[in-house]
Amino acid sequence: MSDHRTCTARNETPLERADRNFGELLQELRVTQTGVQILFAFLLTLAFTPRFPSLDTVQRATYVTTLLLAVLAAALFTAPAALHRSLFQRGAKPRIVQVSSRLATLGMSVLVLAFTGSVLLVVDVTAGRAGAVAAGAGTLLVCLALWGLLPRLVWRAAQADESRRHVSTPAQDRETAPSA
């Protein structure tokens with residue numbers, strides 16, 4: 001049997017798996033893209049507020065950097081759709097999924113920086129620089145914990161659960177063995 005017909009544990013071919021994985025990735029991107037669009041729109045409107053001209057050099061640099069990070073995040077999150085469209089029906093679906101997953105991961109990394117910069121800017125303008133640094137650092141830590149640490153912890157727990165299911169003790173064997 002050739003490789004393109006080999007089935008996985010879900011009884012799907014590699015192409016079926018790529019289709020499913022791409023669909024799941026697109027669902028994830030829909031969620032993140034909405035957040036990026038809201039953030040980007042918020043940042044665009046800031047430049048047209050009456051208070052914007054009074055920003056100091058650090059605040060303006062934070063604004064421009066954050067705006068550009070939001071644009072980069074949006075570009076990274078929309079790139080999988082463009083990649084798919086460009087390579088549609090050319091037999092590249094598994095590669096499209098692989099590259100798109102990497103683009104989404106990079107997009108998440110850029111997005112955490114855009115979130116951090118946005119919080120830093122708003123708190124700096126409203127409460128001062130010291131509070132801004134603390135709030136920005138807090139935002140960065142929360143996002144890193146939720147998006148980086150939490151998945152690792154869930155993965156470890158899932159692996160431990162899987163290990164426990166495959167390892168049984170003699171007492172468990174007696175409990176589950178059919179009685180005579």
# chains A, B, ... in the order shown; residues from 1 in each chain; ligands from 1
$ residues_around --residues "Val119 of chain A" --least-positions-apart "4" --cutoff "8 Å" --atoms "only C-alpha atoms" --output "NGL selection string"
:A and (115 or 123 or 132 or 135-136 or 139)
$ residues_around --residues "Leu140 of chain A" --least-positions-apart "4" --cutoff "7 Å" --atoms "only C-alpha atoms" --output "list in words"
Val112, Thr116, Gly136 and Leu144 of chain A
$ write_last_selection --atoms "N, CA, C and O atoms" --output "short mmCIF file (atom, residue, chain, number, x, y, z; two decimals), in the first residue's frame"
data_model
loop_
_atom_site.label_atom_id
_atom_site.label_comp_id
_atom_site.auth_asym_id
_atom_site.auth_seq_id
_atom_site.Cartn_x
_atom_site.Cartn_y
_atom_site.Cartn_z
N VAL A 112 1.22 38.40 21.51
CA VAL A 112 1.47 38.65 22.94
C VAL A 112 2.27 39.95 23.11
O VAL A 112 2.02 40.70 24.06
N THR A 116 0.91 43.26 25.04
CA THR A 116 1.76 43.87 26.07
C THR A 116 1.98 45.35 25.78
O THR A 116 1.86 46.20 26.67
N GLY A 136 2.27 46.06 31.90
CA GLY A 136 2.81 45.41 30.70
C GLY A 136 3.49 44.09 31.03
O GLY A 136 3.28 43.08 30.35
N LEU A 144 2.06 34.49 28.52
CA LEU A 144 3.05 33.41 28.45
C LEU A 144 2.58 32.21 29.26
O LEU A 144 2.75 31.05 28.83
#
$ closest_atom_pairs --of "segment 93-159 of chain A" --to "segment 42-53 of chain A" --cutoff "12 Å" --atoms "only C-alpha atoms" --output "CSV"
residue,atom,partner,partner_atom,distance
A:Ala114,CA,A:Leu43,CA,10.1
A:Phe115,CA,A:Leu43,CA,10.9
A:Gly117,CA,A:Leu43,CA,10.5
A:Ser118,CA,A:Leu43,CA,7.9
A:Val119,CA,A:Leu43,CA,11.2
A:Leu121,CA,A:Leu43,CA,10.2
A:Val122,CA,A:Leu46,CA,10.0
A:Val125,CA,A:Arg51,CA,9.4
A:Thr126,CA,A:Arg51,CA,11.0
$ write_last_selection --atoms "N, CA and C atoms" --output "PDB file, in the first residue's frame"
ATOM      1  N   ALA A 114       2.080  42.533  21.037  1.00  0.00           N
ATOM      2  CA  ALA A 114       1.133  43.610  20.734  1.00  0.00           C
ATOM      3  C   ALA A 114       0.202  43.867  21.911  1.00  0.00           C
ATOM      4  N   PHE A 115      -0.271  42.799  22.553  1.00  0.00           N
ATOM      5  CA  PHE A 115      -1.096  42.970  23.763  1.00  0.00           C
ATOM      6  C   PHE A 115      -0.315  43.703  24.842  1.00  0.00           C
ATOM      7  N   GLY A 117       2.286  45.675  24.537  1.00  0.00           N
ATOM      8  CA  GLY A 117       2.501  47.065  24.158  1.00  0.00           C
ATOM      9  C   GLY A 117       1.251  47.912  24.317  1.00  0.00           C
ATOM     10  N   SER A 118       0.102  47.343  23.986  1.00  0.00           N
ATOM     11  CA  SER A 118      -1.161  48.087  24.127  1.00  0.00           C
ATOM     12  C   SER A 118      -1.439  48.423  25.581  1.00  0.00           C
ATOM     13  N   VAL A 119      -1.273  47.434  26.450  1.00  0.00           N
ATOM     14  CA  VAL A 119      -1.495  47.661  27.880  1.00  0.00           C
ATOM     15  C   VAL A 119      -0.470  48.669  28.406  1.00  0.00           C
ATOM     16  N   LEU A 121       1.018  51.066  26.815  1.00  0.00           N
ATOM     17  CA  LEU A 121       0.682  52.409  26.345  1.00  0.00           C
ATOM     18  C   LEU A 121      -0.516  52.988  27.097  1.00  0.00           C
ATOM     19  N   VAL A 122      -1.580  52.245  27.202  1.00  0.00           N
ATOM     20  CA  VAL A 122      -2.789  52.772  27.835  1.00  0.00           C
ATOM     21  C   VAL A 122      -2.552  53.081  29.312  1.00  0.00           C
ATOM     22  N   VAL A 125      -0.353  56.218  29.710  1.00  0.00           N
ATOM     23  CA  VAL A 125      -1.087  57.467  29.485  1.00  0.00           C
ATOM     24  C   VAL A 125      -2.040  57.753  30.638  1.00  0.00           C
ATOM     25  N   THR A 126      -2.642  56.729  31.199  1.00  0.00           N
ATOM     26  CA  THR A 126      -3.679  56.951  32.213  1.00  0.00           C
ATOM     27  C   THR A 126      -3.178  56.930  33.652  1.00  0.00           C
TER      28      THR A 126
END
$ atom_distance --atom1 "atom CA of Met108 of chain A" --atom2 "atom CA of Phe40 of chain A"
14.7 Å
$ residues_around --residues "Ala82 of chain A" --least-positions-apart "5" --cutoff "12 Å" --atoms "only C-alpha atoms" --output "VMD selection string"
chain A and resid 26 75 to 77 87 to 88 96 99 to 100 103
$ closest_residue --among "A:Val154, A:Ala81, A:Val31, A:Leu39" --to "Thr66 of chain A" --atoms "only C-alpha atoms"
A:Leu39
$ closest_residue --among "A:Gln33, A:Ala73, A:Ile38, A:Val167" --to "Ser109 of chain A" --atoms "only C-alpha atoms"
A:Ala73
$ decode --residues "segment 60-73 of chain A" --atoms "all heavy atoms" --output "PDB file, in the first residue's frame"
ATOM      1  N   ARG A  60       4.916  57.515  22.138  1.00  0.00           N
ATOM      2  CA  ARG A  60       4.782  57.450  20.674  1.00  0.00           C
ATOM      3  C   ARG A  60       5.525  56.236  20.108  1.00  0.00           C
ATOM      4  O   ARG A  60       5.026  55.555  19.213  1.00  0.00           O
ATOM      5  CB  ARG A  60       5.293  58.728  20.018  1.00  0.00           C
ATOM      6  CG  ARG A  60       4.364  59.885  20.169  1.00  0.00           C
ATOM      7  CD  ARG A  60       4.966  61.152  19.543  1.00  0.00           C
ATOM      8  NE  ARG A  60       4.098  62.266  19.765  1.00  0.00           N
ATOM      9  CZ  ARG A  60       3.149  62.660  18.917  1.00  0.00           C
ATOM     10  NH1 ARG A  60       2.966  62.033  17.786  1.00  0.00           N
ATOM     11  NH2 ARG A  60       2.382  63.695  19.204  1.00  0.00           N
ATOM     12  N   ALA A  61       6.711  55.973  20.633  1.00  0.00           N
ATOM     13  CA  ALA A  61       7.468  54.800  20.179  1.00  0.00           C
ATOM     14  C   ALA A  61       6.720  53.506  20.530  1.00  0.00           C
ATOM     15  O   ALA A  61       6.662  52.576  19.722  1.00  0.00           O
ATOM     16  CB  ALA A  61       8.862  54.801  20.805  1.00  0.00           C
ATOM     17  N   THR A  62       6.140  53.471  21.726  1.00  0.00           N
ATOM     18  CA  THR A  62       5.344  52.306  22.127  1.00  0.00           C
ATOM     19  C   THR A  62       4.151  52.142  21.203  1.00  0.00           C
ATOM     20  O   THR A  62       3.832  51.035  20.766  1.00  0.00           O
ATOM     21  CB  THR A  62       4.877  52.452  23.597  1.00  0.00           C
ATOM     22  OG1 THR A  62       6.018  52.595  24.426  1.00  0.00           O
ATOM     23  CG2 THR A  62       4.059  51.251  24.040  1.00  0.00           C
ATOM     24  N   TYR A  63       3.495  53.264  20.876  1.00  0.00           N
ATOM     25  CA  TYR A  63       2.343  53.225  19.983  1.00  0.00           C
ATOM     26  C   TYR A  63       2.715  52.680  18.604  1.00  0.00           C
ATOM     27  O   TYR A  63       2.081  51.754  18.101  1.00  0.00           O
ATOM     28  CB  TYR A  63       1.719  54.622  19.836  1.00  0.00           C
ATOM     29  CG  TYR A  63       0.664  54.663  18.766  1.00  0.00           C
ATOM     30  CD1 TYR A  63      -0.603  54.161  19.004  1.00  0.00           C
ATOM     31  CD2 TYR A  63       0.956  55.160  17.497  1.00  0.00           C
ATOM     32  CE1 TYR A  63      -1.567  54.163  18.012  1.00  0.00           C
ATOM     33  CE2 TYR A  63      -0.003  55.167  16.505  1.00  0.00           C
ATOM     34  CZ  TYR A  63      -1.269  54.653  16.763  1.00  0.00           C
ATOM     35  OH  TYR A  63      -2.217  54.645  15.780  1.00  0.00           O
ATOM     36  N   VAL A  64       3.730  53.241  18.000  1.00  0.00           N
ATOM     37  CA  VAL A  64       4.125  52.823  16.648  1.00  0.00           C
ATOM     38  C   VAL A  64       4.562  51.362  16.654  1.00  0.00           C
ATOM     39  O   VAL A  64       4.162  50.575  15.774  1.00  0.00           O
ATOM     40  CB  VAL A  64       5.235  53.747  16.084  1.00  0.00           C
ATOM     41  CG1 VAL A  64       5.818  53.179  14.800  1.00  0.00           C
ATOM     42  CG2 VAL A  64       4.687  55.146  15.860  1.00  0.00           C
ATOM     43  N   THR A  65       5.352  50.973  17.630  1.00  0.00           N
ATOM     44  CA  THR A  65       5.810  49.582  17.725  1.00  0.00           C
ATOM     45  C   THR A  65       4.626  48.637  17.877  1.00  0.00           C
ATOM     46  O   THR A  65       4.545  47.599  17.202  1.00  0.00           O
ATOM     47  CB  THR A  65       6.786  49.415  18.907  1.00  0.00           C
ATOM     48  OG1 THR A  65       7.888  50.298  18.713  1.00  0.00           O
ATOM     49  CG2 THR A  65       7.270  47.982  19.025  1.00  0.00           C
ATOM     50  N   THR A  66       3.704  48.990  18.746  1.00  0.00           N
ATOM     51  CA  THR A  66       2.538  48.142  18.991  1.00  0.00           C
ATOM     52  C   THR A  66       1.653  48.063  17.759  1.00  0.00           C
ATOM     53  O   THR A  66       1.145  46.986  17.418  1.00  0.00           O
ATOM     54  CB  THR A  66       1.752  48.663  20.210  1.00  0.00           C
ATOM     55  OG1 THR A  66       2.635  48.687  21.340  1.00  0.00           O
ATOM     56  CG2 THR A  66       0.567  47.784  20.520  1.00  0.00           C
ATOM     57  N   LEU A  67       1.461  49.182  17.085  1.00  0.00           N
ATOM     58  CA  LEU A  67       0.669  49.186  15.848  1.00  0.00           C
ATOM     59  C   LEU A  67       1.297  48.254  14.811  1.00  0.00           C
ATOM     60  O   LEU A  67       0.603  47.444  14.181  1.00  0.00           O
ATOM     61  CB  LEU A  67       0.568  50.611  15.296  1.00  0.00           C
ATOM     62  CG  LEU A  67      -0.213  50.761  13.993  1.00  0.00           C
ATOM     63  CD1 LEU A  67      -1.690  50.524  14.219  1.00  0.00           C
ATOM     64  CD2 LEU A  67       0.030  52.146  13.394  1.00  0.00           C
ATOM     65  N   LEU A  68       2.601  48.350  14.644  1.00  0.00           N
ATOM     66  CA  LEU A  68       3.292  47.492  13.673  1.00  0.00           C
ATOM     67  C   LEU A  68       3.245  46.019  14.090  1.00  0.00           C
ATOM     68  O   LEU A  68       3.115  45.131  13.226  1.00  0.00           O
ATOM     69  CB  LEU A  68       4.728  47.964  13.481  1.00  0.00           C
ATOM     70  CG  LEU A  68       4.868  49.355  12.840  1.00  0.00           C
ATOM     71  CD1 LEU A  68       6.325  49.772  12.785  1.00  0.00           C
ATOM     72  CD2 LEU A  68       4.222  49.400  11.463  1.00  0.00           C
ATOM     73  N   LEU A  69       3.325  45.741  15.379  1.00  0.00           N
ATOM     74  CA  LEU A  69       3.187  44.357  15.848  1.00  0.00           C
ATOM     75  C   LEU A  69       1.785  43.825  15.555  1.00  0.00           C
ATOM     76  O   LEU A  69       1.632  42.659  15.163  1.00  0.00           O
ATOM     77  CB  LEU A  69       3.491  44.267  17.346  1.00  0.00           C
ATOM     78  CG  LEU A  69       4.957  44.396  17.735  1.00  0.00           C
ATOM     79  CD1 LEU A  69       5.092  44.597  19.254  1.00  0.00           C
ATOM     80  CD2 LEU A  69       5.761  43.182  17.278  1.00  0.00           C
ATOM     81  N   ALA A  70       0.770  44.658  15.734  1.00  0.00           N
ATOM     82  CA  ALA A  70      -0.600  44.231  15.430  1.00  0.00           C
ATOM     83  C   ALA A  70      -0.763  43.938  13.938  1.00  0.00           C
ATOM     84  O   ALA A  70      -1.415  42.965  13.551  1.00  0.00           O
ATOM     85  CB  ALA A  70      -1.599  45.290  15.896  1.00  0.00           C
ATOM     86  N   VAL A  71      -0.154  44.770  13.095  1.00  0.00           N
ATOM     87  CA  VAL A  71      -0.196  44.535  11.644  1.00  0.00           C
ATOM     88  C   VAL A  71       0.516  43.221  11.306  1.00  0.00           C
ATOM     89  O   VAL A  71       0.007  42.418  10.517  1.00  0.00           O
ATOM     90  CB  VAL A  71       0.448  45.710  10.870  1.00  0.00           C
ATOM     91  CG1 VAL A  71       0.644  45.360   9.412  1.00  0.00           C
ATOM     92  CG2 VAL A  71      -0.409  46.946  11.009  1.00  0.00           C
ATOM     93  N   LEU A  72       1.673  43.006  11.902  1.00  0.00           N
ATOM     94  CA  LEU A  72       2.414  41.771  11.648  1.00  0.00           C
ATOM     95  C   LEU A  72       1.617  40.551  12.108  1.00  0.00           C
ATOM     96  O   LEU A  72       1.554  39.547  11.405  1.00  0.00           O
ATOM     97  CB  LEU A  72       3.782  41.823  12.338  1.00  0.00           C
ATOM     98  CG  LEU A  72       4.678  40.595  12.170  1.00  0.00           C
ATOM     99  CD1 LEU A  72       4.920  40.265  10.701  1.00  0.00           C
ATOM    100  CD2 LEU A  72       5.987  40.808  12.917  1.00  0.00           C
ATOM    101  N   ALA A  73       0.986  40.643  13.283  1.00  0.00           N
ATOM    102  CA  ALA A  73       0.159  39.533  13.764  1.00  0.00           C
ATOM    103  C   ALA A  73      -0.985  39.256  12.793  1.00  0.00           C
ATOM    104  O   ALA A  73      -1.251  38.099  12.454  1.00  0.00           O
ATOM    105  CB  ALA A  73      -0.382  39.832  15.164  1.00  0.00           C
TER     106      ALA A  73
END
